[in-house]
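Some notes on the structure that comes next.
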Amino acid sequence: MSQTIAIETRDLCKSFGDVKANDHISLSVPAGTVHGIVGENGAGKSTLLKMLFGFYHPDSGEVLVSGVSQSFTSPSDAMAVGIGMVHQHFMLVEPFTVLENIILGAEGSSKLDDAKGMARAKLLALEEQFGFNLPLDEPVETLSVGVRQRAEILKALYRGAETLILDEPTAVLTPQECVQLFELVSQLRDQGKTVLFVTHKLHEIMAITDNVTVIRAGKTVAERKTAETSSEELAELMVGAKVVRATARDANEATTARLALENVKATGDHGLMLKDINLQVLEGEVLGIAGVAGNGQTELLEIITGLRPVDVGKICFDGETISSPQEMTDPITLRRMGMAHVAEDRLKTGVVESMSARENAILGYQREQEFSRKGLLRLKAIAEKAAGYFESQDVRPRNPDLPIASFSGGNQQKLVIARELAQDPSLMVIGQPTRGVDIGAVTKIHDQITALRNAGKAILVVSADLDELLAISDRIAVMCEGEIVGTLNIEDATETKLGLMMAGNKGEAA
Amino acid sequence: MASQRKLPFWADAILLPGLNLLAAFLVSGLVIWGLGEDPFEALSLMIDGAFGFEEGVGYSLYYATNFVFTGLAVSVAYHAGLFNIGGEGQAMLGGLGLTLAVFLIGDASPVFAVLLAIVGAATFGAAWAFVPAYLQAKRGSHVVITTIMFNFIASALLAYLLVGPLQRPGGQMPESADFPDGASLMHLQDLFEVIGFSYESGPLNLSALIALLCAFAVWFMLWRSRFGYELRVVGQNHDAARFAGISVTRMTVIAMMISGALAGMMGLNELLGEQHRLLGNFTLGYGFVGIAVAFMGRNHPVGIVLAAMLFGALYQGGAELAFEMPNIQRDYIVLIQGLVILFAGAMEHLFRDPVEALFRRVGQRRAA
């Protein structure tokens, strides 16, 4: 195997406002290797990738592909020199077949049948070479996430990618699908392709990569041969110092159920999504909900928080029925009863992007006496409250007049959490507490959740991040296809067990 | 972080509309030149016609009053995320409501009739907007489609009434009988005279003040009241609105009705202020121009008042121009107005990218 360098970056810098997202990132990736890039959420991995793939233009520094300096102005420039990227969120047209998706934008003929014919021959050769087995004529919407990802990889190869960038490829996969992905990646390496494997999960780095670059706070802090390092060392490098949980978890003395779902069924936007859910959240506990995205977690959050009616069964909050097929309590009443809701999809539901941080600071509480009286907004009280949130949560930049969209994900979430904590809720329903949140904020948010729990509040957390659930939950319930597959006490929960349950394996629940 | 505000406020509020206007005038100038007239002379005739004499100013502001009402109507709906194209029809129905109120009690008490007419105009306008609003909120029928259709229905309804039950007894025209004496809004020039001050402001009447009052009320509602806050949340994000316990259905209906009421009040100016009778086509497209006014005014009441004054001046100046330059017929004036609408409304983002790029470059150079 030759030791040419497939991709190299020299002192890449990129700033957004005052934030240095990338600060002199230098790395070099030998051709024909799997190279890991590891770092916490918000460390600057995405920014780096976007520069490698031509989405962003670096402020300074250079990117070299096979030794030649490049100045990408768009992703097509990057593709032209053999870089392919598989995004975390797939870029596929769902009603189109796999074949149609692959040739989209590179049809090669204005007649679709000709284009498909030419592509099919080439694709079959590629499939043979790399051991794919894709249903080329199935519409993408009928395929599982793992298969879609393979389609994305094949698409990149079809366009002549020599170097593949995989951005958090395992975030959406079950552990079993991950194994298949790893097999494919090593196949690609054996055939001479270069793979950039970006993740924040260390065991994946250890399992699949040859070399690894660690990024922290926008800087490259280390480059190691995988064989010569350990997860412990990488973890330390990633976080900077050993992370100690600031708030200890007290012994679990929870007894009374604050929230109870009894035999609940509910319909989602596309049919039955929740099938007979029974669930209790006790006071003084964090109940985690694990599961591959799209297995009913969203609907579960919605029926609890008064956003979606139930078809069968009932939901009780502090002994009162808040939702039944006959009646649903509205979100404002629920908030007044002491239920706070941190929405799962922050930008879609939890904030109004174009409004200022100040205006977002009262969303959901706008009818409280504190913020409006006789139909008029109390601007001064709102401003003071917002300023208080900024202070208590250290939201930056300290300017409540900016639209909420111009804050980073972490700062948005800090503001949202401040808003929901302000009314001293007795039950907190949280979806994806740290999605898109930087590492500093993650720790702080986790500590706040633990503090609430220790204060005797009940907390329900839905998260796609198993590590997070393992860190903060007292019990973890696993959802699959609209059912609770099982519930594990934290002492019994391991990633493997949860993984199997997420795939619908009830046997492991016991 | 990518979506940080890219332009300073003044560039967004003044520079871009100014550039759009300039582009519209440039193309208009080419048209006038093509007709064999001197564009600069035409421009000076227009400006003179709009601002050069007392009555000209009066007429400009008189037209502007119409546009304030219809522009505000569009903007209230817009802030709730709705595109109300039905200002025209809602204005017609407003005129009908006003007329009915006046005829109902105009003989008995003209002053009370005027008050009732204001309520009638707003109520009928709101009612005409209610049906499309309800269909949108409950059935998902798009308001753009339904409000356009309701314009036609309104037009047909008015035409029927004005050649039928409401037609002036013995008349041949599609118009109602004259309003009873006193059932009208005072011309401002008469008001000026009362306070010992002479200004020939033509048809400009008390509606202009009502329009300004409405502009203030809309501003206050949108940015100072809880209702306005909730309305804007609905307009930006339905999911967030539901999350915040706001009924999207209810807000959609109410916002459209406010919008319809504002459009309906246009009749105050045209009918109660000047014509003193209901005419079949009194709206003359002012409802549609309100869309351009709202967009040019960035959907802010202050901007709308300014944009309305611009369009008022265009209407008045254009009329004078057609009078002074025989080569330029009335249709070309409509063309010029159309160009302004095209550049300021439909293509308002034409210059945004270049201007943003310019600001970025200047900003970078300053940083370097």
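We name chains A, B, ... following the order of the structure tokens; residues begin at 1 in each chain, and ligands are numbered from 1 as shown.
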
Just the residues within 9 Å of stretch 315-322 of chain A, please, counting only C-alpha atoms, with nothing from its chain fewer than 5 positions along; format it as a count of residues only. 21

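In plain terms, chain A touches chain B through Phe16, Gly17, Leu307, Asp330, Pro331, Ile332, Lys348, Thr349, Gly350, Val351, Val352, Glu353, Ser354, Leu363, Gly364, Tyr365, Gln366, Arg367, Ser372, Gly375, Leu376, Leu377, Leu379, Pro403, Ala405, Ser406, Phe407 and Ser408 of chain A, where touching means an atom at most 8 Å away, counting only C-alpha atoms.
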
Just-selected residues, C-alpha atoms written as a PDB file, in the first residue's frame:
```pdb
ATOM      1  CA  PHE A  16     -18.212  32.636  13.042  1.00  0.00           C
ATOM      2  CA  GLY A  17     -18.425  36.018  14.650  1.00  0.00           C
ATOM      3  CA  LEU A 307     -50.053  18.351  21.887  1.00  0.00           C
ATOM      4  CA  ASP A 330     -54.066  22.196  26.908  1.00  0.00           C
ATOM      5  CA  PRO A 331     -50.366  23.039  27.251  1.00  0.00           C
ATOM      6  CA  ILE A 332     -50.964  26.259  29.178  1.00  0.00           C
ATOM      7  CA  LYS A 348     -39.173  23.336  14.992  1.00  0.00           C
ATOM      8  CA  THR A 349     -41.137  23.547  18.211  1.00  0.00           C
ATOM      9  CA  GLY A 350     -39.261  24.977  21.173  1.00  0.00           C
ATOM     10  CA  VAL A 351     -38.447  28.425  19.855  1.00  0.00           C
ATOM     11  CA  VAL A 352     -39.556  30.828  17.152  1.00  0.00           C
ATOM     12  CA  GLU A 353     -36.388  31.271  15.121  1.00  0.00           C
ATOM     13  CA  SER A 354     -36.962  34.754  13.776  1.00  0.00           C
ATOM     14  CA  LEU A 363     -42.958  31.397  24.849  1.00  0.00           C
ATOM     15  CA  GLY A 364     -45.538  29.197  26.512  1.00  0.00           C
ATOM     16  CA  TYR A 365     -45.710  31.452  29.561  1.00  0.00           C
ATOM     17  CA  GLN A 366     -46.924  34.554  27.747  1.00  0.00           C
ATOM     18  CA  ARG A 367     -50.256  34.437  29.527  1.00  0.00           C
ATOM     19  CA  SER A 372     -48.761  40.110  30.541  1.00  0.00           C
ATOM     20  CA  GLY A 375     -53.748  41.708  27.443  1.00  0.00           C
ATOM     21  CA  LEU A 376     -50.664  43.924  27.398  1.00  0.00           C
ATOM     22  CA  LEU A 377     -47.141  42.600  27.418  1.00  0.00           C
ATOM     23  CA  LEU A 379     -42.008  44.533  28.406  1.00  0.00           C
ATOM     24  CA  PRO A 403     -32.896  36.629  16.994  1.00  0.00           C
ATOM     25  CA  ALA A 405     -31.476  31.718  15.452  1.00  0.00           C
ATOM     26  CA  SER A 406     -28.197  33.591  15.753  1.00  0.00           C
ATOM     27  CA  PHE A 407     -27.273  31.790  18.975  1.00  0.00           C
ATOM     28  CA  SER A 408     -25.471  28.472  18.926  1.00  0.00           C
TER      29      SER A 408
END
```

Atom CA of A:Gly146 to atom CA of A:Leu460, straight-line distance in Å: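 These two atoms are separated by 28.4 Å.
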
Within 8 Å of stretch 36-50 of chain A using only C-alpha atoms, minus same-chain residues under 2 positions, as a PyMOL selection string: chain A and resi 14+21-22+34+52-56+165+167+196-202+205+209-218+238-239+436-439

Only N, CA and C atoms, please: the residues just picked out, written as a compact mmCIF listing (two decimals), in the first residue's frame.
```txt
# COMPACT_ATOMS: atom_id res chain seq x y z
N LYS A 14 -11.44 28.84 10.79
CA LYS A 14 -12.76 29.34 10.38
C LYS A 14 -13.45 29.91 11.61
N ALA A 21 -14.45 28.43 15.33
CA ALA A 21 -14.93 27.07 15.22
C ALA A 21 -13.77 26.13 14.90
N ASN A 22 -12.88 26.59 14.04
CA ASN A 22 -11.67 25.84 13.72
C ASN A 22 -10.48 26.77 13.89
N VAL A 34 -8.35 4.12 7.15
CA VAL A 34 -9.53 4.68 7.78
C VAL A 34 -9.03 5.62 8.87
N LEU A 52 -13.78 20.74 4.14
CA LEU A 52 -13.20 19.69 3.29
C LEU A 52 -14.10 19.42 2.09
N PHE A 53 -15.40 19.64 2.28
CA PHE A 53 -16.33 19.28 1.22
C PHE A 53 -16.83 20.51 0.45
N GLY A 54 -16.24 21.66 0.73
CA GLY A 54 -16.54 22.84 -0.08
C GLY A 54 -17.78 23.62 0.31
N PHE A 55 -18.41 23.29 1.45
CA PHE A 55 -19.56 24.08 1.89
C PHE A 55 -19.10 25.42 2.45
N TYR A 56 -18.01 25.40 3.20
CA TYR A 56 -17.46 26.63 3.75
C TYR A 56 -16.11 26.88 3.11
N ILE A 165 -16.07 10.74 3.22
CA ILE A 165 -16.22 11.33 4.54
C ILE A 165 -17.53 10.83 5.12
N ASP A 167 -19.97 11.33 8.16
CA ASP A 167 -20.22 12.24 9.29
C ASP A 167 -21.16 11.56 10.28
N LEU A 196 -12.73 8.87 5.91
CA LEU A 196 -12.66 9.75 7.08
C LEU A 196 -13.89 9.45 7.93
N PHE A 197 -13.65 8.95 9.12
CA PHE A 197 -14.74 8.48 9.96
C PHE A 197 -14.88 9.45 11.14
N VAL A 198 -15.97 10.18 11.13
CA VAL A 198 -16.13 11.23 12.13
C VAL A 198 -17.15 10.81 13.17
N THR A 199 -16.79 10.91 14.41
CA THR A 199 -17.70 10.42 15.44
C THR A 199 -17.34 11.05 16.77
N HIS A 200 -18.23 10.91 17.75
CA HIS A 200 -17.79 11.27 19.10
C HIS A 200 -17.83 10.03 20.00
N LYS A 201 -17.97 8.86 19.34
CA LYS A 201 -18.01 7.63 20.12
C LYS A 201 -16.68 6.90 20.02
N LEU A 202 -16.05 6.72 21.16
CA LEU A 202 -14.67 6.23 21.16
C LEU A 202 -14.56 4.77 20.76
N ILE A 205 -14.10 4.39 17.15
CA ILE A 205 -12.75 4.76 16.72
C ILE A 205 -11.82 3.57 16.93
N THR A 209 -10.71 2.33 13.05
CA THR A 209 -9.78 3.25 12.39
C THR A 209 -8.34 2.77 12.46
N ASP A 210 -7.51 3.33 11.55
CA ASP A 210 -6.06 3.10 11.59
C ASP A 210 -5.37 4.21 12.36
N ASN A 211 -5.81 5.43 12.08
CA ASN A 211 -5.24 6.58 12.77
C ASN A 211 -6.39 7.42 13.29
N VAL A 212 -6.11 8.29 14.24
CA VAL A 212 -7.17 9.11 14.78
C VAL A 212 -6.63 10.50 15.13
N THR A 213 -7.45 11.50 14.78
CA THR A 213 -7.13 12.88 15.13
C THR A 213 -8.16 13.34 16.15
N VAL A 214 -7.69 13.92 17.24
CA VAL A 214 -8.61 14.39 18.27
C VAL A 214 -8.74 15.90 18.16
N ILE A 215 -9.98 16.36 18.15
CA ILE A 215 -10.23 17.80 18.07
C ILE A 215 -10.93 18.25 19.34
N ARG A 216 -10.43 19.31 19.90
CA ARG A 216 -11.10 19.88 21.07
C ARG A 216 -11.14 21.39 20.92
N ALA A 217 -12.31 21.97 21.11
CA ALA A 217 -12.50 23.42 21.05
C ALA A 217 -11.85 24.02 19.80
N GLY A 218 -12.04 23.35 18.68
CA GLY A 218 -11.57 23.90 17.41
C GLY A 218 -10.11 23.67 17.11
N MET A 238 -10.01 14.30 24.46
CA MET A 238 -11.21 14.90 23.92
C MET A 238 -11.79 15.94 24.86
N VAL A 239 -11.85 15.58 26.11
CA VAL A 239 -12.54 16.43 27.09
C VAL A 239 -11.57 17.40 27.74
N GLY A 436 -27.17 18.85 19.59
CA GLY A 436 -26.55 20.04 19.01
C GLY A 436 -26.03 21.02 20.04
N VAL A 437 -25.65 20.50 21.20
CA VAL A 437 -25.20 21.37 22.29
C VAL A 437 -23.72 21.10 22.54
N ASP A 438 -22.94 22.15 22.78
CA ASP A 438 -21.51 21.95 22.97
C ASP A 438 -21.21 21.34 24.34
N ILE A 439 -20.01 20.81 24.47
CA ILE A 439 -19.66 19.96 25.61
C ILE A 439 -19.81 20.68 26.95
```

Among stretch 120-213 of chain B, which ones does DSSP place in helix (DSSP H, G or I), written as JSON, numbers by chain? {"B": [120, 121, 122, 123, 124, 125, 126, 127, 128, 129, 130, 131, 132, 133, 134, 135, 136, 137, 138, 139, 143, 144, 145, 146, 147, 148, 149, 150, 151, 152, 153, 154, 155, 156, 157, 158, 159, 160, 161, 162, 163, 188, 189, 190, 191, 192, 193, 194, 207, 208, 209, 210, 211, 212, 213]}

Residues of the last selection are to be written out with C-alpha atoms, as a PDB file, in the first residue's frame.
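part_29.pdb, freshly written:
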```pdb
ATOM      1  CA  GLY B 120     -70.552  48.545   9.494  1.00  0.00           C
ATOM      2  CA  ALA B 121     -67.579  48.840   7.136  1.00  0.00           C
ATOM      3  CA  ALA B 122     -65.285  47.001   9.528  1.00  0.00           C
ATOM      4  CA  THR B 123     -67.862  44.335  10.354  1.00  0.00           C
ATOM      5  CA  PHE B 124     -68.749  43.525   6.768  1.00  0.00           C
ATOM      6  CA  GLY B 125     -65.082  43.460   5.741  1.00  0.00           C
ATOM      7  CA  ALA B 126     -64.310  41.135   8.625  1.00  0.00           C
ATOM      8  CA  ALA B 127     -67.280  38.928   7.822  1.00  0.00           C
ATOM      9  CA  TRP B 128     -66.170  38.618   4.206  1.00  0.00           C
ATOM     10  CA  ALA B 129     -62.722  37.518   5.396  1.00  0.00           C
ATOM     11  CA  PHE B 130     -64.219  35.108   7.907  1.00  0.00           C
ATOM     12  CA  VAL B 131     -65.340  32.522   5.378  1.00  0.00           C
ATOM     13  CA  PRO B 132     -61.944  32.005   3.703  1.00  0.00           C
ATOM     14  CA  ALA B 133     -60.313  32.175   7.121  1.00  0.00           C
ATOM     15  CA  TYR B 134     -62.569  29.498   8.535  1.00  0.00           C
ATOM     16  CA  LEU B 135     -62.029  27.283   5.497  1.00  0.00           C
ATOM     17  CA  GLN B 136     -58.271  27.711   5.848  1.00  0.00           C
ATOM     18  CA  ALA B 137     -58.228  27.043   9.555  1.00  0.00           C
ATOM     19  CA  LYS B 138     -60.593  24.083   9.571  1.00  0.00           C
ATOM     20  CA  ARG B 139     -60.316  22.546   6.132  1.00  0.00           C
ATOM     21  CA  VAL B 143     -56.564  31.552   1.662  1.00  0.00           C
ATOM     22  CA  VAL B 144     -54.730  32.772  -1.399  1.00  0.00           C
ATOM     23  CA  ILE B 145     -57.124  30.822  -3.587  1.00  0.00           C
ATOM     24  CA  THR B 146     -60.276  31.416  -1.594  1.00  0.00           C
ATOM     25  CA  THR B 147     -59.742  35.130  -1.067  1.00  0.00           C
ATOM     26  CA  ILE B 148     -59.194  35.628  -4.788  1.00  0.00           C
ATOM     27  CA  MET B 149     -62.415  33.794  -5.475  1.00  0.00           C
ATOM     28  CA  PHE B 150     -64.168  35.890  -2.869  1.00  0.00           C
ATOM     29  CA  ASN B 151     -63.081  39.012  -4.724  1.00  0.00           C
ATOM     30  CA  PHE B 152     -65.068  37.860  -7.716  1.00  0.00           C
ATOM     31  CA  ILE B 153     -68.055  36.966  -5.604  1.00  0.00           C
ATOM     32  CA  ALA B 154     -67.944  40.349  -3.890  1.00  0.00           C
ATOM     33  CA  SER B 155     -67.728  42.114  -7.215  1.00  0.00           C
ATOM     34  CA  ALA B 156     -70.685  40.166  -8.578  1.00  0.00           C
ATOM     35  CA  LEU B 157     -72.695  40.737  -5.427  1.00  0.00           C
ATOM     36  CA  LEU B 158     -72.110  44.476  -5.536  1.00  0.00           C
ATOM     37  CA  ALA B 159     -72.952  44.602  -9.238  1.00  0.00           C
ATOM     38  CA  TYR B 160     -76.202  42.778  -8.584  1.00  0.00           C
ATOM     39  CA  LEU B 161     -77.198  45.016  -5.681  1.00  0.00           C
ATOM     40  CA  LEU B 162     -76.374  48.198  -7.562  1.00  0.00           C
ATOM     41  CA  VAL B 163     -78.501  47.357 -10.559  1.00  0.00           C
ATOM     42  CA  LEU B 188     -59.899  68.433   6.128  1.00  0.00           C
ATOM     43  CA  GLN B 189     -59.913  71.732   4.240  1.00  0.00           C
ATOM     44  CA  ASP B 190     -63.223  72.556   5.915  1.00  0.00           C
ATOM     45  CA  LEU B 191     -61.722  71.590   9.218  1.00  0.00           C
ATOM     46  CA  PHE B 192     -58.724  73.814   8.515  1.00  0.00           C
ATOM     47  CA  GLU B 193     -61.075  76.679   7.807  1.00  0.00           C
ATOM     48  CA  VAL B 194     -62.799  76.221  11.143  1.00  0.00           C
ATOM     49  CA  SER B 207     -60.463  59.121   7.113  1.00  0.00           C
ATOM     50  CA  ALA B 208     -56.800  60.028   6.789  1.00  0.00           C
ATOM     51  CA  LEU B 209     -56.656  60.542  10.544  1.00  0.00           C
ATOM     52  CA  ILE B 210     -58.611  57.351  11.127  1.00  0.00           C
ATOM     53  CA  ALA B 211     -56.082  55.550   8.915  1.00  0.00           C
ATOM     54  CA  LEU B 212     -53.187  56.899  10.982  1.00  0.00           C
ATOM     55  CA  LEU B 213     -55.011  55.852  14.109  1.00  0.00           C
TER      56      LEU B 213
END
```

So how many Å separate atom CA of A:Phe182 and atom CA of A:Leu12, to one decimal?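 One can read the atom CA of A:Phe182 to atom CA of A:Leu12 distance as 29.1 Å.
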
A:Asp467 environment, 12 Å, only C-alpha atoms, sequence neighbours closer than 3 positions dropped, as a list in words: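 Returned residues: Ala171, His200, Lys201, Leu202, His203, Gly288, Ala290, Thr434, Val442, His446, Ser463, Ala464, Leu470, Ala471, Ile472, Ser473, Ile476, Ile490, Ala493, Thr494, Glu495, Thr496, Leu498 and Gly499 of chain A.
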
For B:Leu43, list every protein, DNA or RNA residue within 12 Å, evaluated using only C-alpha atoms, and leave out those in the same chain fewer than 2 positions away; present the list as a ChimeraX atom specification. /B:25-26,28-30,32-33,37-41,45-50,313-314,317-318,320-322,324-325,333,336

Requested write-out: N, CA, C and O atoms of the selected residues, as an mmCIF file, in the first residue's frame:
```
data_model
loop_
_atom_site.group_PDB
_atom_site.id
_atom_site.type_symbol
_atom_site.label_atom_id
_atom_site.label_comp_id
_atom_site.auth_asym_id
_atom_site.auth_seq_id
_atom_site.Cartn_x
_atom_site.Cartn_y
_atom_site.Cartn_z
ATOM 1 N N PHE B 25 -38.075 53.361 -11.697
ATOM 2 C CA PHE B 25 -38.099 54.635 -12.416
ATOM 3 C C PHE B 25 -37.214 54.580 -13.657
ATOM 4 O O PHE B 25 -37.530 55.165 -14.674
ATOM 5 N N LEU B 26 -36.109 53.860 -13.569
ATOM 6 C CA LEU B 26 -35.227 53.730 -14.727
ATOM 7 C C LEU B 26 -35.961 53.074 -15.891
ATOM 8 O O LEU B 26 -35.946 53.575 -17.015
ATOM 9 N N SER B 28 -39.183 52.780 -16.239
ATOM 10 C CA SER B 28 -40.268 53.675 -16.652
ATOM 11 C C SER B 28 -39.736 54.766 -17.565
ATOM 12 O O SER B 28 -40.357 55.121 -18.574
ATOM 13 N N GLY B 29 -38.561 55.284 -17.192
ATOM 14 C CA GLY B 29 -37.942 56.334 -17.997
ATOM 15 C C GLY B 29 -37.683 55.851 -19.414
ATOM 16 O O GLY B 29 -37.937 56.572 -20.388
ATOM 17 N N LEU B 30 -37.227 54.608 -19.530
ATOM 18 C CA LEU B 30 -36.988 54.035 -20.861
ATOM 19 C C LEU B 30 -38.281 53.979 -21.664
ATOM 20 O O LEU B 30 -38.307 54.285 -22.859
ATOM 21 N N ILE B 32 -40.945 55.860 -21.285
ATOM 22 C CA ILE B 32 -41.355 57.217 -21.666
ATOM 23 C C ILE B 32 -40.494 57.735 -22.814
ATOM 24 O O ILE B 32 -40.974 58.348 -23.767
ATOM 25 N N TRP B 33 -39.202 57.448 -22.723
ATOM 26 C CA TRP B 33 -38.287 57.829 -23.796
ATOM 27 C C TRP B 33 -38.699 57.180 -25.108
ATOM 28 O O TRP B 33 -38.701 57.783 -26.160
ATOM 29 N N GLU B 37 -41.091 61.008 -25.454
ATOM 30 C CA GLU B 37 -41.150 62.125 -24.510
ATOM 31 C C GLU B 37 -39.871 62.158 -23.682
ATOM 32 O O GLU B 37 -39.133 61.174 -23.613
ATOM 33 N N ASP B 38 -39.640 63.273 -23.051
ATOM 34 C CA ASP B 38 -38.443 63.420 -22.233
ATOM 35 C C ASP B 38 -38.703 62.879 -20.838
ATOM 36 O O ASP B 38 -39.569 63.392 -20.120
ATOM 37 N N PRO B 39 -37.999 61.817 -20.455
ATOM 38 C CA PRO B 39 -38.265 61.193 -19.140
ATOM 39 C C PRO B 39 -38.083 62.160 -17.981
ATOM 40 O O PRO B 39 -38.831 62.111 -17.015
ATOM 41 N N PHE B 40 -37.101 63.055 -18.105
ATOM 42 C CA PHE B 40 -36.846 63.951 -16.964
ATOM 43 C C PHE B 40 -37.961 64.972 -16.815
ATOM 44 O O PHE B 40 -38.375 65.299 -15.709
ATOM 45 N N GLU B 41 -38.479 65.398 -17.963
ATOM 46 C CA GLU B 41 -39.586 66.330 -17.905
ATOM 47 C C GLU B 41 -40.802 65.614 -17.315
ATOM 48 O O GLU B 41 -41.543 66.175 -16.500
ATOM 49 N N LEU B 45 -42.877 66.621 -14.077
ATOM 50 C CA LEU B 45 -44.322 66.836 -14.139
ATOM 51 C C LEU B 45 -45.038 66.007 -13.070
ATOM 52 O O LEU B 45 -45.977 66.467 -12.419
ATOM 53 N N MET B 46 -44.566 64.779 -12.910
ATOM 54 C CA MET B 46 -45.185 63.902 -11.919
ATOM 55 C C MET B 46 -44.999 64.436 -10.507
ATOM 56 O O MET B 46 -45.932 64.488 -9.717
ATOM 57 N N ILE B 47 -43.768 64.828 -10.225
ATOM 58 C CA ILE B 47 -43.487 65.328 -8.875
ATOM 59 C C ILE B 47 -44.286 66.600 -8.625
ATOM 60 O O ILE B 47 -44.900 66.775 -7.564
ATOM 61 N N ASP B 48 -44.323 67.447 -9.645
ATOM 62 C CA ASP B 48 -45.058 68.678 -9.508
ATOM 63 C C ASP B 48 -46.550 68.388 -9.306
ATOM 64 O O ASP B 48 -47.222 69.020 -8.486
ATOM 65 N N GLY B 49 -47.024 67.390 -10.065
ATOM 66 C CA GLY B 49 -48.442 67.043 -9.954
ATOM 67 C C GLY B 49 -48.790 66.486 -8.592
ATOM 68 O O GLY B 49 -49.896 66.680 -8.092
ATOM 69 N N ALA B 50 -47.853 65.799 -7.987
ATOM 70 C CA ALA B 50 -48.135 65.165 -6.705
ATOM 71 C C ALA B 50 -47.920 66.114 -5.530
ATOM 72 O O ALA B 50 -48.637 66.042 -4.536
ATOM 73 N N ALA B 313 -48.740 59.391 -4.140
ATOM 74 C CA ALA B 313 -48.110 60.397 -4.999
ATOM 75 C C ALA B 313 -48.011 59.894 -6.430
ATOM 76 O O ALA B 313 -48.215 60.651 -7.388
ATOM 77 N N LEU B 314 -47.712 58.611 -6.590
ATOM 78 C CA LEU B 314 -47.649 58.030 -7.931
ATOM 79 C C LEU B 314 -48.990 58.134 -8.636
ATOM 80 O O LEU B 314 -49.060 58.444 -9.824
ATOM 81 N N GLY B 317 -49.612 62.019 -9.169
ATOM 82 C CA GLY B 317 -48.649 62.545 -10.138
ATOM 83 C C GLY B 317 -48.868 61.928 -11.504
ATOM 84 O O GLY B 317 -48.751 62.603 -12.533
ATOM 85 N N GLY B 318 -49.206 60.668 -11.524
ATOM 86 C CA GLY B 318 -49.457 59.981 -12.782
ATOM 87 C C GLY B 318 -50.654 60.571 -13.504
ATOM 88 O O GLY B 318 -50.634 60.762 -14.725
ATOM 89 N N GLU B 320 -51.758 63.602 -13.283
ATOM 90 C CA GLU B 320 -51.356 64.907 -13.818
ATOM 91 C C GLU B 320 -50.505 64.739 -15.065
ATOM 92 O O GLU B 320 -50.644 65.483 -16.031
ATOM 93 N N LEU B 321 -49.609 63.741 -15.016
ATOM 94 C CA LEU B 321 -48.715 63.500 -16.147
ATOM 95 C C LEU B 321 -49.528 63.151 -17.400
ATOM 96 O O LEU B 321 -49.277 63.670 -18.493
ATOM 97 N N ALA B 322 -50.508 62.264 -17.224
ATOM 98 C CA ALA B 322 -51.329 61.860 -18.359
ATOM 99 C C ALA B 322 -52.059 63.071 -18.930
ATOM 100 O O ALA B 322 -52.300 63.167 -20.136
ATOM 101 N N GLU B 324 -50.921 66.229 -18.806
ATOM 102 C CA GLU B 324 -49.997 67.187 -19.404
ATOM 103 C C GLU B 324 -49.326 66.653 -20.665
ATOM 104 O O GLU B 324 -48.972 67.417 -21.542
ATOM 105 N N MET B 325 -49.078 65.376 -20.732
ATOM 106 C CA MET B 325 -48.373 64.808 -21.879
ATOM 107 C C MET B 325 -49.326 63.913 -22.646
ATOM 108 O O MET B 325 -49.530 62.757 -22.279
ATOM 109 N N ILE B 333 -49.512 55.183 -17.330
ATOM 110 C CA ILE B 333 -49.382 55.488 -15.903
ATOM 111 C C ILE B 333 -49.566 54.204 -15.091
ATOM 112 O O ILE B 333 -48.825 53.913 -14.158
ATOM 113 N N ILE B 336 -46.442 52.308 -15.253
ATOM 114 C CA ILE B 336 -45.403 52.790 -14.332
ATOM 115 C C ILE B 336 -45.704 52.312 -12.913
ATOM 116 O O ILE B 336 -44.823 51.816 -12.196
#
```

Step one, run DSSP on the backbone; step two, keep only residues of stretch 162-355 of chain B assigned to strand (DSSP E or B); then write them as a PyMOL selection string. chain B and resi 167+175-176+187+205+225+279

Selection above as a file: C-alpha atoms, as a PDB file, in the first residue's frame:
```pdb
ATOM      1  CA  GLN B 167     -79.750  51.253  -7.350  1.00  0.00           C
ATOM      2  CA  GLU B 175     -74.593  53.239  -8.114  1.00  0.00           C
ATOM      3  CA  SER B 176     -76.718  53.875  -5.077  1.00  0.00           C
ATOM      4  CA  HIS B 187     -63.037  67.284   4.420  1.00  0.00           C
ATOM      5  CA  ASN B 205     -60.905  63.957   4.764  1.00  0.00           C
ATOM      6  CA  SER B 225     -50.126  43.263  23.270  1.00  0.00           C
ATOM      7  CA  LEU B 279     -70.282  52.820  -6.594  1.00  0.00           C
TER       8      LEU B 279
END
```

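Across the structure, atom CA of B:Ala307 and atom CA of B:Phe69 are spaced 11.9 Å apart.
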
Across A:Leu124, A:Glu8, A:Lys116, A:Met428, the smallest distance to A:Val286, with only C-alpha atoms counted, is shown by A:Met428

Would you mind listing what lies within 7 Å of B:His276 as a list in words, with only C-alpha atoms counted and same-chain residues fewer than 2 positions away left out? Asp178, Phe179, Ser184, Leu271, Leu272, Gly273 and Glu274 of chain B
